[in-house]
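S.K.: One structure, as structure tokens, below. Some questions next.
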Amino acid sequence: MELVNEFGHAVALVVRLFGRCRQAFYQSKADIEQEVAHERKVIEAVKEIREEDPGIGGYKLWLMLIAMFGRGFVPGRDRFFVLMRRKGLMLPKPKPRHTTNSNHRYHKYKNLIKGFIPTAANQLWVADITYIALSGGDVCYLHLITDAYSHKIVGWALAQSLKAAISIEALKMATDQAVAMSGSETLKGLIHHSDRGVQYCCDAYVAMLKAHEITISMCEDYKPTDNAIAERSNGIIKVESVYRQKQLPSFGYAQNFIPRFIHFYNNYRPHMSIGYKIPAVVHLEQGEQKKMWKNKIYPKRQTENEINAVPLPSRTTSLGGGVCQRT
């Protein structure tokens, strides 16, 4: 094909050189053109998804394309990754950021969720606040409540303030959807877990939780892993979406941008921790969800005393069926 297109050789000469007929040449040309058109459609779909979620990973993109177009349309996983690399669409490694703060006079509650695994929606909510950098050095704050079972964001509010009133807005959104699902103002059996920030410990926030008979749980120390699901939701929004734009240009822009991404996150984005399913779907299910990852187990390191306590092998040691003499 290159001999004809790039070097201008006649088709008849080229097919004679390779022992092929003209029909085979034109069929090959048609197949290549069809493959190029197919790849173009795949890349266009990837770019449309990336407009909503600039930081979504390659494997999740592959799953979404299969759900959208069917398995026969989408290349295999490895071939899809090769295509993504060739088009410069694979993501660089993210650089995470962290922030937390709490120091106040209000009552701090115990951690009630160690080892707790929810089996349905609205059994455990996790709450957190994250900052979003804006151009010019300004920031705004996203107050989030995530359902630990489905990983759906059930309540949120975006503001230029850390005031408790904004966190209460997010809580009201969450309780409204839970009341609509259960048909009752009482949400007994639901645990609300958060850090010990003043927003979650203040009288107005606690009163709203108690009005719905929601049990209160809080981290007992200041490690992010103690509120891992909330940290993960924050991270997805910032790493996959916000950080890809470096900084959002203004708070007004963020007010349009963030709701769109949360809608995408809840209704389209598959999650490893719920078996690559979508939060809005899982929110209506029951039963333990299958995680698609395992915690890494590191081998136990022996102490010097344990090493010295290991007996030496006998002078004659069998190795692979043979016998060797220890000198």
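Ligands are numbered from 1 in the order shown, residues from 1 within each chain, and chains are lettered A, B, ... in the order they appear in the structure tokens.
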Can you tell me which residues surround A:Lys290 at a distance of at most 8 Å, considering only C-alpha atoms, apart from same-chain residues fewer than 5 positions away, and format the answer as a ChimeraX atom specification?

M.R.: /A:273-275

S.K.: Find the distance between atom CA of A:Leu83 and atom CA of A:Pro54 and write it in Å to one decimal.

M.R.: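 Computing the Euclidean distance for atom CA of A:Leu83 and atom CA of A:Pro54 yields 17.5 Å.
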
S.K.: Which residues come within 12 Å of A:Gln123, counting only C-alpha atoms, excluding same-chain residues fewer than 5 positions away, as a ChimeraX atom specification?

M.R.: /A:113,116-118,146-151,178,182,187-193,214-216,283,286-287

S.K.: By how many Å are atom CA of A:Ala67 and atom CA of A:Lys277 apart?

M.R.: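 Between atom CA of A:Ala67 and atom CA of A:Lys277 the gap is 11.0 Å.
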
S.K.: Using DSSP secondary structure from the backbone, list all alpha helix (DSSP H) positions within stretch 102-259 of chain A, as number ranges by chain.

M.R.: A: 164-182, 198-201, 203-211, 228-237, 251-259
